[in-house]
Structures are given as structure tokens and as C-alpha cells.
$ cat final32.csv   # CSV, C-alpha atoms
chain,number,residue,atom,x,y,z
R,510,MET,CA,124.9,101.0,122.9
R,511,ALA,CA,127.7,103.2,124.1
R,512,ALA,CA,127.4,102.7,127.8
R,513,GLU,CA,129.7,99.8,128.4
R,514,SER,CA,132.3,100.3,125.7
R,515,GLY,CA,132.4,104.1,125.8
R,516,LYS,CA,132.6,104.1,122.0
R,517,ILE,CA,129.8,105.8,120.1
R,518,ASP,CA,128.6,104.2,116.8
R,519,PRO,CA,126.5,106.9,115.2
R,520,MET,CA,125.9,104.9,112.0
R,521,HIS,CA,124.2,102.0,113.8
R,522,GLN,CA,120.8,103.7,113.7
R,523,PHE,CA,120.8,103.7,109.9
R,524,ARG,CA,121.3,99.9,109.6
R,525,ILE,CA,118.5,98.1,107.7
R,526,GLU,CA,117.5,94.9,109.4
R,527,PRO,CA,114.9,92.3,108.6
R,528,LEU,CA,112.2,92.2,111.3
R,529,PHE,CA,110.8,88.7,111.0
R,530,GLY,CA,113.6,86.4,109.8
R,531,GLN,CA,115.8,86.5,106.7
R,532,ASP,CA,114.2,83.8,104.6
R,533,TRP,CA,111.4,85.6,102.8
R,534,SER,CA,112.3,85.5,99.2
R,535,ILE,CA,110.7,85.5,95.7
R,536,ALA,CA,112.7,84.0,92.8
R,537,GLY,CA,115.9,84.3,94.7
R,538,HIS,CA,115.4,88.0,95.7
R,539,ASN,CA,115.3,88.8,99.4
R,540,ILE,CA,112.0,90.5,100.2
R,541,ALA,CA,112.3,90.4,104.0
R,542,PHE,CA,110.2,93.0,105.8
R,543,THR,CA,112.7,95.4,107.2
R,544,ASN,CA,112.6,98.2,109.8
R,545,SER,CA,112.8,100.6,106.8
R,546,ALA,CA,109.7,99.0,105.3
R,547,LEU,CA,108.0,99.2,108.6
R,548,TRP,CA,108.7,102.9,109.0
R,549,MET,CA,107.6,103.6,105.5
R,550,ALA,CA,104.4,101.8,106.2
R,551,VAL,CA,104.0,103.8,109.5
R,552,THR,CA,104.6,107.0,107.5
R,553,PHE,CA,102.0,106.0,105.0
R,554,ALA,CA,99.4,105.0,107.6
R,555,ALA,CA,100.0,108.3,109.5
R,556,LEU,CA,99.6,110.3,106.3
R,557,TRP,CA,96.5,108.4,105.3
R,558,GLY,CA,94.9,108.9,108.6
R,559,PHE,CA,95.8,112.6,108.6
R,560,MET,CA,94.3,113.2,105.2
R,561,LEU,CA,91.2,111.0,105.8
R,562,MET,CA,90.3,112.8,109.0
R,563,GLY,CA,90.4,116.1,107.1
R,564,MET,CA,88.6,115.2,103.9
R,565,GLN,CA,85.1,115.0,105.2
R,566,ARG,CA,84.2,118.1,103.2
R,567,LYS,CA,82.2,119.8,106.0
R,568,LEU,CA,80.7,123.2,105.1
R,569,VAL,CA,82.1,124.6,108.3
R,570,PRO,CA,85.6,123.1,108.6
R,571,GLY,CA,86.8,121.9,111.9
R,572,ARG,CA,90.4,122.2,113.1
R,573,TRP,CA,91.5,119.0,111.4
R,574,GLN,CA,90.0,120.0,108.1
R,575,MET,CA,91.7,123.4,108.4
R,576,ALA,CA,95.0,121.7,109.0
R,577,VAL,CA,94.6,119.5,105.9
R,578,GLU,CA,93.3,122.4,103.8
R,579,SER,CA,96.1,124.7,104.8
R,580,MET,CA,98.6,122.0,103.6
R,581,THR,CA,96.9,121.5,100.3
R,582,GLY,CA,96.4,125.3,99.9
R,583,PHE,CA,100.1,125.8,100.7
R,584,ILE,CA,101.3,123.5,97.9
R,585,THR,CA,98.6,124.7,95.4
R,586,ASN,CA,99.7,128.2,96.0
R,587,MET,CA,103.3,127.3,95.6
R,588,MET,CA,102.6,125.6,92.2
R,589,ASP,CA,100.5,128.6,91.1
R,590,THR,CA,103.2,131.1,91.8
R,591,ASN,CA,106.0,129.0,90.3
R,592,ILE,CA,104.4,127.5,87.3
R,593,GLY,CA,101.1,129.2,86.7
R,594,PRO,CA,97.8,127.6,85.7
R,595,ALA,CA,99.5,124.6,84.0
R,596,GLY,CA,100.9,123.6,87.3
R,597,ARG,CA,97.6,122.5,88.7
R,598,ARG,CA,98.0,119.1,87.0
R,599,PHE,CA,101.1,118.4,89.0
R,600,VAL,CA,99.8,119.4,92.4
R,601,PRO,CA,99.0,115.7,93.4
R,602,TRP,CA,102.6,114.6,92.8
R,603,VAL,CA,104.2,117.5,94.5
R,604,PHE,CA,101.8,117.3,97.4
R,605,SER,CA,102.4,113.6,97.9
R,606,LEU,CA,106.1,114.2,97.8
R,607,PHE,CA,106.0,117.1,100.3
R,608,MET,CA,103.7,115.2,102.8
R,609,PHE,CA,105.6,111.9,102.5
R,610,ILE,CA,109.0,113.6,103.2
R,611,LEU,CA,107.6,115.8,105.9
R,612,PHE,CA,105.9,112.9,107.7
R,613,ALA,CA,108.9,110.6,107.3
R,614,ASN,CA,111.3,113.2,108.6
R,615,LEU,CA,109.1,114.0,111.6
R,616,LEU,CA,108.4,110.3,112.4
R,617,GLY,CA,112.1,109.6,112.3
R,618,MET,CA,112.5,112.2,115.1
R,619,LEU,CA,110.0,110.5,117.4
R,620,PRO,CA,111.6,109.6,120.7
R,621,VAL,CA,110.1,106.1,120.6
R,622,ALA,CA,113.4,104.7,121.9
R,623,LEU,CA,112.1,105.7,125.4
R,624,VAL,CA,109.8,102.7,125.2
R,625,GLY,CA,112.3,100.4,123.7
R,626,LEU,CA,111.5,100.7,120.0
R,627,HIS,CA,114.1,101.8,117.4
R,628,PRO,CA,113.1,104.9,115.5
R,629,PHE,CA,114.3,104.8,111.9
R,630,ALA,CA,114.5,107.8,109.6
R,631,VAL,CA,113.4,106.6,106.2
R,632,THR,CA,114.6,109.8,104.5
R,633,ALA,CA,118.2,109.2,105.8
R,634,GLN,CA,118.5,106.4,103.2
R,635,LEU,CA,119.9,107.5,99.8
R,636,THR,CA,117.8,104.7,98.2
R,637,VAL,CA,114.6,106.3,99.3
R,638,THR,CA,115.4,109.9,98.6
R,639,GLY,CA,117.2,108.9,95.4
R,640,VAL,CA,114.0,107.1,94.1
R,641,LEU,CA,111.9,110.2,94.9
R,642,ALA,CA,114.4,112.4,93.1
R,643,VAL,CA,114.6,110.2,90.1
R,644,VAL,CA,110.8,109.9,89.8
R,645,SER,CA,110.6,113.7,89.9
R,646,PHE,CA,113.3,114.0,87.3
R,647,ALA,CA,111.6,111.4,85.1
R,648,ILE,CA,108.3,113.4,85.3
R,649,VAL,CA,110.2,116.5,84.2
R,650,LEU,CA,111.7,114.7,81.3
R,651,VAL,CA,108.5,113.1,80.2
R,652,VAL,CA,106.5,116.3,80.5
R,653,GLY,CA,109.2,118.3,78.7
R,654,PHE,CA,109.6,116.0,75.8
R,655,ALA,CA,105.8,115.4,75.5
R,656,LYS,CA,105.0,119.1,75.4
R,657,HIS,CA,107.9,120.5,73.4
R,658,LYS,CA,109.2,117.5,71.5
R,659,LEU,CA,112.9,118.1,70.5
R,660,HIS,CA,112.4,121.8,71.1
R,661,PHE,CA,112.9,120.9,74.7
R,662,PHE,CA,116.7,121.1,74.1
R,663,SER,CA,116.4,124.9,73.8
R,664,LEU,CA,116.2,124.8,77.6
R,665,PHE,CA,120.0,124.4,77.5
R,666,VAL,CA,120.6,127.5,75.4
R,667,PRO,CA,119.3,130.7,77.2
R,668,HIS,CA,118.0,133.5,75.1
R,669,GLY,CA,120.6,136.0,73.8
R,670,THR,CA,123.5,133.6,74.1
R,671,PRO,CA,126.2,134.8,71.6
R,672,PRO,CA,126.6,132.1,68.8
R,673,VAL,CA,130.3,131.6,69.7
R,674,MET,CA,129.3,130.6,73.2
R,675,VAL,CA,126.5,128.2,72.3
R,676,PRO,CA,128.5,124.9,72.5
R,677,LEU,CA,130.0,125.8,75.8
R,678,ILE,CA,126.8,127.1,77.4
R,679,PHE,CA,125.0,124.0,76.1
R,680,LEU,CA,127.4,121.7,77.8
R,681,VAL,CA,127.4,123.6,81.0
R,682,GLU,CA,123.6,123.8,81.1
R,683,LEU,CA,123.2,120.2,80.2
R,684,LEU,CA,125.6,119.2,83.0
R,685,SER,CA,123.7,121.4,85.5
R,686,PHE,CA,120.4,119.8,84.3
R,687,LEU,CA,121.8,116.2,84.6
R,688,VAL,CA,123.1,116.9,88.2
R,689,ARG,CA,119.6,117.9,89.4
R,690,PRO,CA,118.4,114.4,90.5
R,691,PHE,CA,121.6,113.8,92.4
R,692,SER,CA,121.6,117.1,94.2
R,693,LEU,CA,117.9,116.7,95.0
R,694,GLY,CA,118.2,113.3,96.5
R,695,LEU,CA,121.5,113.9,98.2
R,696,ARG,CA,120.5,117.1,99.9
R,697,LEU,CA,117.5,115.5,101.7
R,698,PHE,CA,119.5,112.3,102.5
R,699,VAL,CA,122.5,114.1,103.9
R,700,ALA,CA,120.6,116.8,105.8
R,701,ILE,CA,118.6,114.2,107.7
R,702,MET,CA,121.5,111.8,108.2
R,703,ALA,CA,123.8,114.6,109.5
R,704,GLY,CA,121.1,115.7,112.0
R,705,HIS,CA,120.6,112.2,113.3
R,706,ILE,CA,124.4,111.6,113.6
R,707,LEU,CA,124.7,114.9,115.5
R,708,MET,CA,121.9,113.9,117.9
R,709,GLU,CA,123.4,110.5,118.4
R,710,VAL,CA,126.9,111.9,119.2
R,711,LEU,CA,125.5,114.3,121.7
R,712,ALA,CA,123.4,111.6,123.3
R,713,GLY,CA,126.6,109.5,123.6
R,714,PHE,CA,128.3,112.4,125.4
R,715,VAL,CA,125.4,112.6,127.9
R,716,ILE,CA,125.4,108.9,128.6
R,717,ASN,CA,129.2,108.5,128.7
R,718,GLY,CA,129.5,111.5,130.9
R,719,ALA,CA,127.0,110.0,133.3
R,720,ASN,CA,128.9,106.8,133.4
R,721,ALA,CA,132.3,108.3,133.9
R,722,ASP,CA,134.4,107.5,136.9
R,723,ALA,CA,135.3,111.1,137.7
R,724,LEU,CA,132.4,112.9,139.3
R,725,TRP,CA,133.1,116.3,137.7
R,726,VAL,CA,132.4,114.9,134.2
R,727,PHE,CA,128.6,114.8,134.6
R,728,PRO,CA,127.9,118.5,135.4
R,729,VAL,CA,130.7,119.7,133.0
R,730,VAL,CA,130.0,117.5,130.0
R,731,SER,CA,126.6,115.8,130.3
R,732,ILE,CA,124.4,118.7,131.3
R,733,PRO,CA,125.6,121.2,128.7
R,734,SER,CA,125.4,118.4,126.1
R,735,PHE,CA,121.9,117.6,127.1
R,736,LEU,CA,120.8,121.3,126.8
R,737,LEU,CA,122.5,121.5,123.4
R,738,MET,CA,120.7,118.3,122.4
R,739,ILE,CA,117.3,119.9,123.2
R,740,ALA,CA,118.2,122.9,121.0
R,741,ILE,CA,119.5,120.7,118.2
R,742,THR,CA,116.3,118.6,118.4
R,743,LEU,CA,114.2,121.7,117.9
R,744,LEU,CA,116.5,122.7,115.0
R,745,GLU,CA,116.1,119.3,113.4
R,746,ILE,CA,112.3,119.6,113.5
R,747,LEU,CA,112.8,122.9,111.6
R,748,VAL,CA,115.1,121.2,109.2
R,749,SER,CA,112.6,118.4,108.6
R,750,ALA,CA,110.1,121.0,107.5
R,751,ILE,CA,112.6,123.1,105.5
R,752,GLN,CA,114.0,120.1,103.6
R,753,ALA,CA,110.5,118.8,102.7
R,754,TYR,CA,109.6,122.3,101.5
R,755,VAL,CA,112.9,122.7,99.5
R,756,PHE,CA,112.4,119.3,97.8
R,757,ALA,CA,108.8,120.3,96.8
R,758,LEU,CA,109.9,123.8,95.8
R,759,LEU,CA,112.8,122.5,93.6
R,760,THR,CA,110.5,119.9,92.0
R,761,SER,CA,108.1,122.7,91.1
R,762,LEU,CA,110.9,124.8,89.7
R,763,TYR,CA,112.2,121.9,87.5
R,764,LEU,CA,108.6,121.3,86.3
R,765,ASN,CA,108.4,125.0,85.5
R,766,ASP,CA,111.5,124.6,83.3
R,767,ALA,CA,109.9,121.7,81.5
R,768,ILE,CA,106.5,123.3,81.0
R,769,ASN,CA,107.4,126.9,80.2
R,770,LEU,CA,111.0,126.5,79.0
R,771,HIS,CA,112.9,129.7,79.6
W,866,MET,CA,152.0,108.8,107.0
W,867,ASP,CA,149.7,106.0,108.2
W,868,ALA,CA,146.8,105.6,105.9
W,869,ASN,CA,144.3,105.7,108.7
W,870,ALA,CA,145.7,108.9,110.1
W,871,ALA,CA,145.5,110.4,106.7
W,872,LYS,CA,141.8,109.4,106.5
W,873,LEU,CA,141.1,111.1,109.8
W,874,LEU,CA,143.0,114.2,108.8
W,875,GLY,CA,141.1,114.3,105.6
W,876,ALA,CA,137.8,114.0,107.4
W,877,GLY,CA,138.8,116.8,109.7
W,878,LEU,CA,139.8,119.0,106.7
W,879,ALA,CA,136.4,118.3,105.2
W,880,ALA,CA,134.9,119.9,108.3
W,881,ILE,CA,136.3,123.2,107.0
W,882,GLY,CA,134.0,123.0,104.0
W,883,VAL,CA,131.0,122.6,106.4
W,884,GLY,CA,132.0,125.7,108.2
W,885,MET,CA,132.4,127.6,104.9
W,886,ALA,CA,128.9,126.5,104.0
W,887,ALA,CA,127.7,128.0,107.3
W,888,LEU,CA,129.1,131.3,106.2
W,889,GLY,CA,127.2,131.0,102.9
W,890,VAL,CA,123.9,130.1,104.6
W,891,GLY,CA,124.3,132.9,107.1
W,892,ASN,CA,125.0,135.3,104.2
W,893,VAL,CA,121.8,134.1,102.4
W,894,PHE,CA,119.6,134.7,105.4
W,895,GLY,CA,121.4,137.8,106.6
W,896,SER,CA,121.1,139.5,103.2
W,897,PHE,CA,117.4,138.5,103.0
W,898,LEU,CA,116.8,140.0,106.4
W,899,GLU,CA,118.6,143.2,105.5
W,900,GLY,CA,116.5,143.6,102.4
W,901,ALA,CA,113.3,142.5,104.1
W,902,LEU,CA,113.7,145.1,106.8
W,903,ARG,CA,114.1,147.8,104.2
W,904,ASN,CA,111.0,146.8,102.3
W,905,PRO,CA,108.9,144.5,104.4
W,906,GLY,CA,106.1,144.6,101.9
W,907,ALA,CA,108.1,142.7,99.3
W,908,ALA,CA,109.6,140.2,101.7
W,909,ASP,CA,106.9,137.6,101.6
W,910,GLY,CA,107.0,137.4,97.9
W,911,GLN,CA,110.7,136.4,97.9
W,912,GLN,CA,110.6,133.5,100.3
W,913,GLY,CA,110.8,131.0,97.5
W,914,ARG,CA,114.0,132.6,96.3
W,915,LEU,CA,115.3,132.7,99.8
W,916,PHE,CA,114.9,128.9,100.2
W,917,ILE,CA,116.4,128.3,96.7
W,918,GLY,CA,119.5,130.3,97.8
W,919,PHE,CA,119.5,128.5,101.1
W,920,ALA,CA,119.3,125.1,99.4
W,921,ALA,CA,122.1,125.9,96.9
W,922,ALA,CA,124.4,127.1,99.7
W,923,GLU,CA,123.6,124.3,102.0
W,924,LEU,CA,124.1,121.6,99.4
W,925,LEU,CA,127.8,122.4,99.1
W,926,GLY,CA,128.4,122.1,102.9
W,927,LEU,CA,126.5,118.8,102.9
W,928,LEU,CA,128.8,117.6,100.1
W,929,ALA,CA,131.8,118.3,102.4
W,930,PHE,CA,130.0,116.4,105.1
W,931,VAL,CA,129.5,113.5,102.7
W,932,VAL,CA,133.3,113.5,101.9
W,933,ALA,CA,134.0,113.3,105.6
W,934,MET,CA,131.6,110.5,106.1
W,935,ILE,CA,133.0,108.5,103.2
W,936,LEU,CA,136.5,109.0,104.5
W,937,LEU,CA,135.5,107.8,108.0
W,938,PHE,CA,133.2,104.9,107.2
W,939,VAL,CA,133.5,103.8,103.6
W,940,ALA,CA,137.1,104.4,102.3

$ encode --input "final32.csv" --output "C-alpha cells"
Amino acid sequence: MAAESGKIDPMHQFRIEPLFGQDWSIAGHNIAFTNSALWMAVTFAALWGFMLMGMQRKLVPGRWQMAVESMTGFITNMMDTNIGPAGRRFVPWVFSLFMFILFANLLGMLPVALVGLHPFAVTAQLTVTGVLAVVSFAIVLVVGFAKHKLHFFSLFVPHGTPPVMVPLIFLVELLSFLVRPFSLGLRLFVAIMAGHILMEVLAGFVINGANADALWVFPVVSIPSFLLMIAITLLEILVSAIQAYVFALLTSLYLNDAINLH
Amino acid sequence: MDANAAKLLGAGLAAIGVGMAALGVGNVFGSFLEGALRNPGAADGQQGRLFIGFAAAELLGLLAFVVAMILLFVA
């Protein structure tokens, strides 16, 4: 990529390209199988395999079953503490959300470029994270209106608000409520995209330093960059987990608002 | 000023916002650690709130990053 020109293009890794030709279409809509679709399918397959291996319901759980059970237990525990008993109904959604984001983040970090494949971080696309956030938000709205009917609007007026302040507080709370899907989707998308850009830029430093004409560039630029890149990669693995957790946590908090109001 | 130069300058200025968010995130974890060392028994129960504070502080820095990216690659 950067070796001959010396110019790094960190956005190239996010380009969505059809894998087997452009001409797949239904009723004029392009449905080409893209690298994004492939990595979502890989994520799904990995998740499916992980869960299936751990769901044999043995009386004495093996290591794999322990791994799966600690994941389910983690999410169930989070829902119990944040929502209470009513939260159990939403564990499947939040669990799927958490596991999909976690697996997609971690699979996007795989160094498969070493064997010539192009890794693709699915969660670095606003379309993907945006859809997840909008579905979460829609569930909150449906649950809120189904459970409380129009009383749901009392969510926007906290207890003890002075009557004079009610119109202003209502507007502010409504705005902060409506911004939620954007902040939810944007946070995950930008955090993953920023991490991948950072790693790409550092990788470009390493490669360009190794190809430089002056000999001193390699030890002065490339080796420190490479060490920094290892540290950043570890940080990104942590960020992958934290962002998946934050997404699930915020979804559970929004559900709590809808179920219990204030 | 040349429009392209202004774009690059704007992207550079947006990096200040990312640095400010670093202060915020550091403050969240630093304060948590300060409290957690005083009362380790209560620390585990507050991890959810820790990550909510982290998410809120981090989001604003990420927005500054988005502004920089829009200036560099979209605008």
C-alpha cells in the first residue's frame, strides 16, 4: 500500500468492496456479497460455534461451557443490577448485542493480513453500529409506550421539577433522549475506526522507515513505532471489550428508563 | 487563506479536543481509583457508573476526532 508511494492511506481499510463481481442485483438494488458481509458472516459463524460448543448442558461443566456460562452470567448479572427482575426478558437482546459487537471488534483485530487476506472491522462502519443503536432505541420506545402508554412522557420531567421550569426541562430531557441512538452508534463506530486508523498510520511509519534511503531512519523511526504499535494493539483489544460492554451497559440503562421510568 | 490549508489547520485544532477528552477520561479513572483505594469494599459495586462516566467523557473526544476526519476526508 504505502511502500512505493510513501503516502499512507489510512481510510482504505474501511472501503466496502464486492467480492464476486458487481452484477448481483434484485429489482435494481445491488446485493453484491461484499467484504463487509463476509466479515459479518464470519463473526456470526464464530459466535455460533462458540455458543454451540458451550451449550451441551453437562452436569460438570468443562472449560468451554464455563467460558460461555461466565458470559451469559455476566450479562444476566448486569441486567439484574441495572433493571431488576423485569430485565430478564431483555437478556437475549442485550446478550446478542454484546457478543456480536465483541466478536466483530476482536475479529477485526485479527492479523490475517499476514497471510494475504484483508481484515475488515465490521463495527467501524456507521451503518452497522447505527442499525444496532436504532434497534436498541426502538425496543426502548416500544417497551416504554407499551408499558406506560402516554405516561411514558413523564420520563422527561424529573420528580420535584418546579412548575416554572417544566417546559425548559422537558425540552432538554427530550433532546438528550433523542440524541441517545446517535451517541450510542457513533461512540462504537468512532472508537473502532480511530483505533484502526492509528494502527495503520503506525504500520505506515514502520514500513516507510524500513524503505527509507537514509540508514538511520530505521532504528530511529521504525523500531520505536513498532514497539508503540504492539502497545496500541493491546490497548485496542481492551477497547474492543470496553466498547462492547459500554454499548450493552447503556442499552440496559435505557431499557431501565423505559421499564421503571424515573 | 487557501481552503485546503484552512481544512488542515481545522483538523489540527480538532486534535486539541481529543486531548481535552484525554484529561476527562483520566479524571474519571483517577477519581474512581482515589475513591476505590479509600473504600475498596464499595469499589466493585460502582464499576457500572465508572464506565458510564468513561463513555460520556470519551464520546466528546471522539466527536472532536470525527470533526477532524470530516475536515480531512469529507469536506

$ closest_residue --input "final32.csv" --among "R:Val688, R:Met520, R:Ile716, R:Leu707" --to "chain W" --atoms "all atoms listed in the file"
R:Met520

$ closest_residue --input "final32.csv" --among "R:Leu736, R:Ala642, R:Val569, R:Leu711" --to "Leu606 (chain R)" --atoms "all atoms listed in the file"
R:Ala642

$ atom_distance --input "final32.csv" --atom1 "CA of Phe894 (chain W)" --atom2 "CA of Phe607 (chain R)"
22.8 Å

$ atom_distance --input "final32.csv" --atom1 "CA of Leu556 (chain R)" --atom2 "CA of Val755 (chain R)"
19.4 Å

$ residues_around --input "final32.csv" --residues "Asn544 (chain R)" --least-positions-apart "3" --cutoff "12 Å" --atoms "all atoms listed in the file" --output "count of residues only"
22

$ residues_around --input "final32.csv" --residues "region 879-888 of chain W" --least-positions-apart "3" --cutoff "8 Å" --atoms "all atoms listed in the file" --output "count of residues only"
13
